Amino acid sequence: MSATPKSVQRLIDALGRLPGVGPKTASRLTYYLLRAGAAETEALAEALSQLHKSTVLCSVCCNISEQDPCEVCSDAARDHETLCVVEAPLDVLAIEQTGQFKGLYHVLHGHISPMERVGPDELRMRELVRRVEGGQVREVIVATNPTLEGDATAMYLSRLLEPYGVLISRLALGLPRGGDLEYADRVTLAEALSGRRKL
Amino acid sequence: MPQERLYRTEAIVLRQTDFGEADRILSLLTPRGKFSAIAKGVRRPTSRKAGHLELFARTNLLVARGRNLDIITQAEASEAFESLKTDLLRFTYACYAAELIERLAQEEEDDGGALFELLLGLLRWLERERDPAVGLRHFELRLLDGAGYAPQLFTCVSCAKAITEQVNYFSAEQGGLLCTECGASAAGVRAVSVNAQKVLRYLQKREVVEVRALWLAPATHAEVESVLLDYIEHVLEREVKSATFLRRLRLDLQRLAAGEQSSASVERPKT
């Protein structure tokens with residue numbers, strides 16, 4: 001016989017399926033919600049149930065949005081000739097926070113990963129090609145992660161977009177702010193050297 | 001693995017899985033076998049370890065024993081394979097090799113470093129040789145050998161008679177060649193050309209340095225590749241994901257090279 005009521009256990013199990021949440025954290029969260037009162041749990045439940053109902057994938061940039069096309073894609077003040085290709089919606093957020101980029105985005109929803117059988121067809125590449133084919137785009141900035149899979153994705157994209165004659169660039173690689181030269185690995189340091197800038 | 005709280009080891013990173021806020025769980029191949037460890041904070045740009053723990057990098061580690069997973073406390077890359085960053089095919093070959101090791105090698109089984117040397121040899125091959133795929137075929141045969149699945153190529157798996165120089169049959173189920181008499185009536189076998197048989201035998205018995213001079217006609221290579229993949233998938237009892245990916249990538253690259261549009265850009269919606 002279990003000491004935990006069924007409805008409590010149900011929530012613990014559901015929370016326990018979230019990434020990074022173990023059984024202990026799941027029970028702590030559940031008991032917190034029990035103490036917090038009905039108003040808070042109702043608000044949470046409402047937010048959860050709206051999550052899928054009121055979001056769509058933007059048909060232009062494939063980012064998650066509440067409207068289609070999304071706010072960024074329908075903003076006439078932005079530079080519609082420059083596309084920034086990222087792996088995930090959170091990367092859009094990161095680049096937006098720099099305040100330096102005024103172009104549009106394209107979200108691939110992943111990177112090429114042969115071991116997981118994630119190839120071009122599983123990513124939103126077809127949509128990207130269609131946008132570039134449209135003719136308005138002049139530069140594509142590939143902002144995939146600086147990992148081997150990110151490199152592979154960037155390589156594939158550059159092959160794919162080559163025929164359209166657009167400028168294809170990749171985010172600069174090198175030393176991180178606040179980092180320490182002493183701890184830099186050979187590859188990063190070599191990239192920083194070859195990508196050095198005139199002062 | 002030793003019992004001290006902190007130990008040193010060399011390793012090649014086989015697979016990375018994101019974990020928690022900024023951590024990654026790494027599947028590592030070391031001279032003392034395959035094991036998993038956690039690298040904390042490596043997804044942050046300022047991580048001092050991240051650049052030393054890239055996929056397929058050869059790296060020197062200082063590892064602390066953890067309750068579940070061991071924790072990587074220091075890392076210093078000793079050999080990087082640059083061509084994997086610039087050549088999609090070579091990158092995919094390395095993924096294929098890592099996937100086979102992941103599936104075939106047992107966790108924490110000490111093989112005296114043979115597997116580590118084998119993978120290192122392949123990565124160096126991919127880095128330097130003009131024809132990367134021959135190295136991969138050698139790797140496959142050696143890996144099968146090490147895992148106890150070496151295909152029998154010199155005597156018939158059914159009647160044990162010596163295999164003679166003619167078209168014979170390969171049976172994935174029985175793990176080797178069948179002579180013409182046994183093969184003709186057997187089910188689920190495939191005919192293998194004389195050249196392909198010779199290549200398989202040669203690769204099975206030679207060291208990686210000797211194989212370097214080998215040049216294969218594309219048709220023979222395709223045959224050898226297909227025989228081995230069928231056999232490997234039979235041994236693993238599942239599809240090799242990277243191989244499926246590789247087939248598609250080759251088609252895509254061919255199309256792109258021919259100036260056509262890739263499969264990623266077909267069917268435009270009618271407006």
# chains A, B, ... in the order shown; residues from 1 in each chain; ligands from 1
call {"tool": "select_by_dssp", "arguments": {"residues": "region 87-185 of chain A", "states": "alpha helix (DSSP H)", "output": "PyMOL selection string"}}
result
chain A and resi 89-98+125-133+148-161
call {"tool": "interface_residues", "arguments": {"of": "chain A", "to": "chain B", "cutoff": "9 Å", "atoms": "only C-alpha atoms", "output": "PyMOL selection string"}}
result
chain A and resi 19-21+113-121+124-130+147-149+151-153+155-156+159-160+163+175-180+183-188
call {"tool": "residues_around", "arguments": {"residues": "region 119-131 of chain B", "least_positions_apart": "3", "cutoff": "7 Å", "atoms": "only C-alpha atoms", "output": "JSON, numbers by chain"}}
result
{"B": [81, 83, 90, 94, 115, 116, 134, 135, 136, 139]}
call {"tool": "write_last_selection", "arguments": {"atoms": "C-alpha atoms", "output": "compact mmCIF listing (two decimals), in the first residue's frame"}}
result
# COMPACT_ATOMS: atom_id res chain seq x y z
CA PHE B 81 40.77 15.76 -36.15
CA SER B 83 38.99 17.22 -41.38
CA ARG B 90 34.36 11.97 -43.13
CA ALA B 94 33.39 8.88 -37.76
CA LEU B 115 39.55 -0.87 -29.37
CA PHE B 116 40.96 2.52 -28.41
CA VAL B 134 38.77 1.76 -47.11
CA GLY B 135 39.86 2.53 -43.56
CA LEU B 136 36.27 2.15 -42.47
CA PHE B 139 37.77 -0.93 -38.99
call {"tool": "residues_around", "arguments": {"residues": "Thr55 (chain A)", "least_positions_apart": "5", "cutoff": "12 Å", "atoms": "only C-alpha atoms", "output": "PDB file with all heavy atoms, in the first residue's frame"}}
result
ATOM      1  N   ALA A  47      -1.980  28.056 -17.695  1.00  0.00           N
ATOM      2  CA  ALA A  47      -0.808  28.339 -18.529  1.00  0.00           C
ATOM      3  C   ALA A  47      -0.391  27.102 -19.314  1.00  0.00           C
ATOM      4  O   ALA A  47      -0.059  27.172 -20.499  1.00  0.00           O
ATOM      5  CB  ALA A  47       0.341  28.840 -17.661  1.00  0.00           C
ATOM      6  N   LEU A  48      -0.416  25.956 -18.647  1.00  0.00           N
ATOM      7  CA  LEU A  48      -0.029  24.702 -19.303  1.00  0.00           C
ATOM      8  C   LEU A  48      -0.981  24.346 -20.430  1.00  0.00           C
ATOM      9  O   LEU A  48      -0.561  23.965 -21.514  1.00  0.00           O
ATOM     10  CB  LEU A  48       0.000  23.559 -18.276  1.00  0.00           C
ATOM     11  CG  LEU A  48       1.220  23.494 -17.374  1.00  0.00           C
ATOM     12  CD1 LEU A  48       1.059  22.358 -16.362  1.00  0.00           C
ATOM     13  CD2 LEU A  48       2.480  23.275 -18.202  1.00  0.00           C
ATOM     14  N   SER A  49      -2.280  24.499 -20.157  1.00  0.00           N
ATOM     15  CA  SER A  49      -3.247  24.069 -21.181  1.00  0.00           C
ATOM     16  C   SER A  49      -3.239  25.017 -22.381  1.00  0.00           C
ATOM     17  O   SER A  49      -3.576  24.631 -23.483  1.00  0.00           O
ATOM     18  CB  SER A  49      -4.650  23.937 -20.580  1.00  0.00           C
ATOM     19  OG  SER A  49      -5.131  25.228 -20.283  1.00  0.00           O
ATOM     20  N   GLN A  50      -2.834  26.273 -22.152  1.00  0.00           N
ATOM     21  CA  GLN A  50      -2.778  27.222 -23.258  1.00  0.00           C
ATOM     22  C   GLN A  50      -1.521  27.048 -24.115  1.00  0.00           C
ATOM     23  O   GLN A  50      -1.462  27.520 -25.237  1.00  0.00           O
ATOM     24  CB  GLN A  50      -2.821  28.665 -22.729  1.00  0.00           C
ATOM     25  CG  GLN A  50      -4.199  29.106 -22.275  1.00  0.00           C
ATOM     26  CD  GLN A  50      -5.246  28.932 -23.361  1.00  0.00           C
ATOM     27  OE1 GLN A  50      -5.077  29.384 -24.485  1.00  0.00           O
ATOM     28  NE2 GLN A  50      -6.329  28.222 -23.029  1.00  0.00           N
ATOM     29  N   CYS A  62       9.700  29.248 -38.945  1.00  0.00           N
ATOM     30  CA  CYS A  62       9.607  28.020 -38.160  1.00  0.00           C
ATOM     31  C   CYS A  62       9.881  28.219 -36.675  1.00  0.00           C
ATOM     32  O   CYS A  62      10.139  27.253 -35.952  1.00  0.00           O
ATOM     33  CB  CYS A  62      10.516  26.915 -38.705  1.00  0.00           C
ATOM     34  SG  CYS A  62      10.222  26.569 -40.415  1.00  0.00           S
ATOM     35  N   ASN A  63       9.852  29.468 -36.210  1.00  0.00           N
ATOM     36  CA  ASN A  63       9.989  29.700 -34.777  1.00  0.00           C
ATOM     37  C   ASN A  63       8.625  29.491 -34.121  1.00  0.00           C
ATOM     38  O   ASN A  63       7.591  29.513 -34.790  1.00  0.00           O
ATOM     39  CB  ASN A  63      10.476  31.136 -34.542  1.00  0.00           C
ATOM     40  CG  ASN A  63      11.016  31.307 -33.135  1.00  0.00           C
ATOM     41  OD1 ASN A  63      11.061  30.360 -32.346  1.00  0.00           O
ATOM     42  ND2 ASN A  63      11.422  32.516 -32.817  1.00  0.00           N
ATOM     43  N   ILE A  64       8.643  29.317 -32.798  1.00  0.00           N
ATOM     44  CA  ILE A  64       7.379  29.155 -32.084  1.00  0.00           C
ATOM     45  C   ILE A  64       6.820  30.540 -31.793  1.00  0.00           C
ATOM     46  O   ILE A  64       7.533  31.423 -31.331  1.00  0.00           O
ATOM     47  CB  ILE A  64       7.607  28.349 -30.790  1.00  0.00           C
ATOM     48  CG1 ILE A  64       7.922  26.906 -31.181  1.00  0.00           C
ATOM     49  CG2 ILE A  64       6.397  28.416 -29.889  1.00  0.00           C
ATOM     50  CD1 ILE A  64       8.648  26.144 -30.122  1.00  0.00           C
ATOM     51  N   SER A  65       5.539  30.721 -32.079  1.00  0.00           N
ATOM     52  CA  SER A  65       4.960  32.055 -31.999  1.00  0.00           C
ATOM     53  C   SER A  65       3.482  31.963 -31.675  1.00  0.00           C
ATOM     54  O   SER A  65       2.894  30.884 -31.716  1.00  0.00           O
ATOM     55  CB  SER A  65       5.163  32.764 -33.338  1.00  0.00           C
ATOM     56  OG  SER A  65       4.315  33.875 -33.441  1.00  0.00           O
ATOM     57  N   GLU A  66       2.881  33.102 -31.353  1.00  0.00           N
ATOM     58  CA  GLU A  66       1.440  33.100 -31.112  1.00  0.00           C
ATOM     59  C   GLU A  66       0.666  33.480 -32.366  1.00  0.00           C
ATOM     60  O   GLU A  66      -0.536  33.361 -32.421  1.00  0.00           O
ATOM     61  CB  GLU A  66       1.099  34.049 -29.975  1.00  0.00           C
ATOM     62  CG  GLU A  66       1.454  33.472 -28.623  1.00  0.00           C
ATOM     63  CD  GLU A  66       0.728  34.139 -27.479  1.00  0.00           C
ATOM     64  OE1 GLU A  66       0.290  35.292 -27.656  1.00  0.00           O
ATOM     65  OE2 GLU A  66       0.626  33.508 -26.422  1.00  0.00           O
ATOM     66  N   GLN A  67       1.359  34.020 -33.328  1.00  0.00           N
ATOM     67  CA  GLN A  67       0.678  34.357 -34.573  1.00  0.00           C
ATOM     68  C   GLN A  67       1.493  33.853 -35.764  1.00  0.00           C
ATOM     69  O   GLN A  67       2.676  33.559 -35.626  1.00  0.00           O
ATOM     70  CB  GLN A  67       0.501  35.878 -34.681  1.00  0.00           C
ATOM     71  CG  GLN A  67       1.811  36.635 -34.614  1.00  0.00           C
ATOM     72  CD  GLN A  67       1.592  38.135 -34.447  1.00  0.00           C
ATOM     73  OE1 GLN A  67       1.051  38.566 -33.440  1.00  0.00           O
ATOM     74  NE2 GLN A  67       2.003  38.899 -35.434  1.00  0.00           N
ATOM     75  N   ASP A  68       0.848  33.753 -36.906  1.00  0.00           N
ATOM     76  CA  ASP A  68       1.525  33.260 -38.095  1.00  0.00           C
ATOM     77  C   ASP A  68       1.262  34.207 -39.254  1.00  0.00           C
ATOM     78  O   ASP A  68       0.105  34.414 -39.614  1.00  0.00           O
ATOM     79  CB  ASP A  68       0.999  31.856 -38.431  1.00  0.00           C
ATOM     80  CG  ASP A  68       1.701  31.268 -39.631  1.00  0.00           C
ATOM     81  OD1 ASP A  68       2.825  31.718 -39.929  1.00  0.00           O
ATOM     82  OD2 ASP A  68       1.130  30.376 -40.264  1.00  0.00           O
ATOM     83  N   PRO A  69       2.251  34.829 -39.893  1.00  0.00           N
ATOM     84  CA  PRO A  69       3.670  34.794 -39.520  1.00  0.00           C
ATOM     85  C   PRO A  69       3.948  35.475 -38.177  1.00  0.00           C
ATOM     86  O   PRO A  69       3.152  36.295 -37.733  1.00  0.00           O
ATOM     87  CB  PRO A  69       4.336  35.567 -40.657  1.00  0.00           C
ATOM     88  CG  PRO A  69       3.279  36.251 -41.412  1.00  0.00           C
ATOM     89  CD  PRO A  69       1.983  35.633 -41.084  1.00  0.00           C
ATOM     90  N   CYS A  70       5.077  35.136 -37.580  1.00  0.00           N
ATOM     91  CA  CYS A  70       5.380  35.616 -36.239  1.00  0.00           C
ATOM     92  C   CYS A  70       5.681  37.119 -36.246  1.00  0.00           C
ATOM     93  O   CYS A  70       5.833  37.732 -37.301  1.00  0.00           O
ATOM     94  CB  CYS A  70       6.559  34.843 -35.662  1.00  0.00           C
ATOM     95  SG  CYS A  70       8.133  35.272 -36.423  1.00  0.00           S
TER      96      CYS A  70
END
call {"tool": "atom_distance", "arguments": {"atom1": "CA of Gln74 (chain B)", "atom2": "CA of Ala22 (chain B)"}}
result
16.4 Å
call {"tool": "closest_residue", "arguments": {"among": "A:Glu122, A:Glu87, A:Glu96, A:Glu162", "to": "Ala143 (chain A)", "atoms": "only C-alpha atoms"}}
result
A:Glu87
call {"tool": "residues_around", "arguments": {"residues": "Asp110 (chain B)", "least_positions_apart": "2", "cutoff": "9 Å", "atoms": "only C-alpha atoms", "output": "VMD selection string"}}
result
chain B and resid 1 31 to 34 107 to 108 112 to 113
call {"tool": "write_last_selection", "arguments": {"atoms": "N, CA and C atoms", "output": "PDB file, in the first residue's frame"}}
result
ATOM      1  N   MET B   1      37.829   0.094 -13.927  1.00  0.00           N
ATOM      2  CA  MET B   1      38.368   1.401 -13.524  1.00  0.00           C
ATOM      3  C   MET B   1      38.961   1.314 -12.118  1.00  0.00           C
ATOM      4  N   PRO B  31      41.597   3.579 -23.135  1.00  0.00           N
ATOM      5  CA  PRO B  31      42.368   2.350 -23.309  1.00  0.00           C
ATOM      6  C   PRO B  31      41.913   1.241 -22.370  1.00  0.00           C
ATOM      7  N   ARG B  32      41.145   1.588 -21.335  1.00  0.00           N
ATOM      8  CA  ARG B  32      40.644   0.558 -20.441  1.00  0.00           C
ATOM      9  C   ARG B  32      39.156   0.294 -20.620  1.00  0.00           C
ATOM     10  N   GLY B  33      38.641   0.648 -21.773  1.00  0.00           N
ATOM     11  CA  GLY B  33      37.248   0.332 -22.064  1.00  0.00           C
ATOM     12  C   GLY B  33      36.376   1.564 -22.210  1.00  0.00           C
ATOM     13  N   LYS B  34      35.100   1.283 -22.388  1.00  0.00           N
ATOM     14  CA  LYS B  34      34.136   2.343 -22.655  1.00  0.00           C
ATOM     15  C   LYS B  34      33.406   2.687 -21.358  1.00  0.00           C
ATOM     16  N   GLU B 107      30.158  -1.985 -21.724  1.00  0.00           N
ATOM     17  CA  GLU B 107      30.536  -0.935 -20.783  1.00  0.00           C
ATOM     18  C   GLU B 107      31.623  -1.455 -19.831  1.00  0.00           C
ATOM     19  N   GLU B 108      32.671  -0.636 -19.647  1.00  0.00           N
ATOM     20  CA  GLU B 108      33.751  -0.925 -18.690  1.00  0.00           C
ATOM     21  C   GLU B 108      34.394  -2.300 -18.871  1.00  0.00           C
ATOM     22  N   GLY B 112      42.503  -4.186 -22.979  1.00  0.00           N
ATOM     23  CA  GLY B 112      43.922  -3.901 -23.154  1.00  0.00           C
ATOM     24  C   GLY B 112      44.200  -2.791 -24.157  1.00  0.00           C
ATOM     25  N   GLY B 113      43.194  -2.007 -24.470  1.00  0.00           N
ATOM     26  CA  GLY B 113      43.392  -0.834 -25.313  1.00  0.00           C
ATOM     27  C   GLY B 113      43.265  -1.092 -26.806  1.00  0.00           C
TER      28      GLY B 113
END
call {"tool": "select_by_dssp", "arguments": {"residues": "region 176-205 of chain B", "states": "strand (DSSP E)", "output": "PyMOL selection string"}}
result
chain B and resi 176-178+189-192
call {"tool": "closest_residue", "arguments": {"among": "A:Gln136, A:Ala39, A:Leu161, A:Pro146", "to": "Glu191 (chain A)", "atoms": "only C-alpha atoms"}}
result
A:Pro146
call {"tool": "closest_residue", "arguments": {"among": "B:Arg201, B:Ala191, B:Ala196, B:Ser171", "to": "Asp230 (chain B)", "atoms": "only C-alpha atoms"}}
result
B:Ser171
call {"tool": "closest_residue", "arguments": {"among": "A:Leu189, A:Val107, A:Leu171, A:Cys84", "to": "Leu57 (chain A)", "atoms": "only C-alpha atoms"}}
result
A:Val107
call {"tool": "residues_around", "arguments": {"residues": "Arg170 (chain A)", "least_positions_apart": "5", "cutoff": "9 Å", "atoms": "only C-alpha atoms", "output": "short mmCIF file (atom, residue, chain, number, x, y, z; two decimals) with all heavy atoms, in the first residue's frame"}}
result
data_model
loop_
_atom_site.label_atom_id
_atom_site.label_comp_id
_atom_site.auth_asym_id
_atom_site.auth_seq_id
_atom_site.Cartn_x
_atom_site.Cartn_y
_atom_site.Cartn_z
N VAL A 140 22.85 34.92 -45.68
CA VAL A 140 22.42 33.94 -44.70
C VAL A 140 23.54 33.80 -43.68
O VAL A 140 24.66 33.41 -44.02
CB VAL A 140 22.11 32.58 -45.36
CG1 VAL A 140 21.78 31.54 -44.30
CG2 VAL A 140 20.96 32.71 -46.35
N ILE A 141 23.23 34.13 -42.43
CA ILE A 141 24.22 33.97 -41.36
C ILE A 141 23.95 32.65 -40.66
O ILE A 141 22.86 32.45 -40.10
CB ILE A 141 24.12 35.12 -40.33
CG1 ILE A 141 24.29 36.47 -41.03
CG2 ILE A 141 25.14 34.94 -39.21
CD1 ILE A 141 23.94 37.65 -40.16
N VAL A 142 24.88 31.72 -40.72
CA VAL A 142 24.67 30.42 -40.09
C VAL A 142 25.14 30.52 -38.64
O VAL A 142 26.33 30.71 -38.37
CB VAL A 142 25.43 29.31 -40.83
CG1 VAL A 142 25.16 27.97 -40.17
CG2 VAL A 142 24.97 29.26 -42.29
N ALA A 143 24.19 30.43 -37.71
CA ALA A 143 24.52 30.58 -36.29
C ALA A 143 24.27 29.27 -35.55
O ALA A 143 23.72 29.25 -34.46
CB ALA A 143 23.70 31.71 -35.68
N THR A 144 24.70 28.14 -36.15
CA THR A 144 24.58 26.86 -35.45
C THR A 144 25.65 26.82 -34.36
O THR A 144 26.60 27.60 -34.39
CB THR A 144 24.79 25.69 -36.41
OG1 THR A 144 26.00 25.90 -37.14
CG2 THR A 144 23.65 25.58 -37.41
N ALA A 154 26.29 23.40 -40.65
CA ALA A 154 26.68 24.60 -41.39
C ALA A 154 27.25 24.23 -42.76
O ALA A 154 26.95 24.85 -43.78
CB ALA A 154 27.72 25.39 -40.59
#
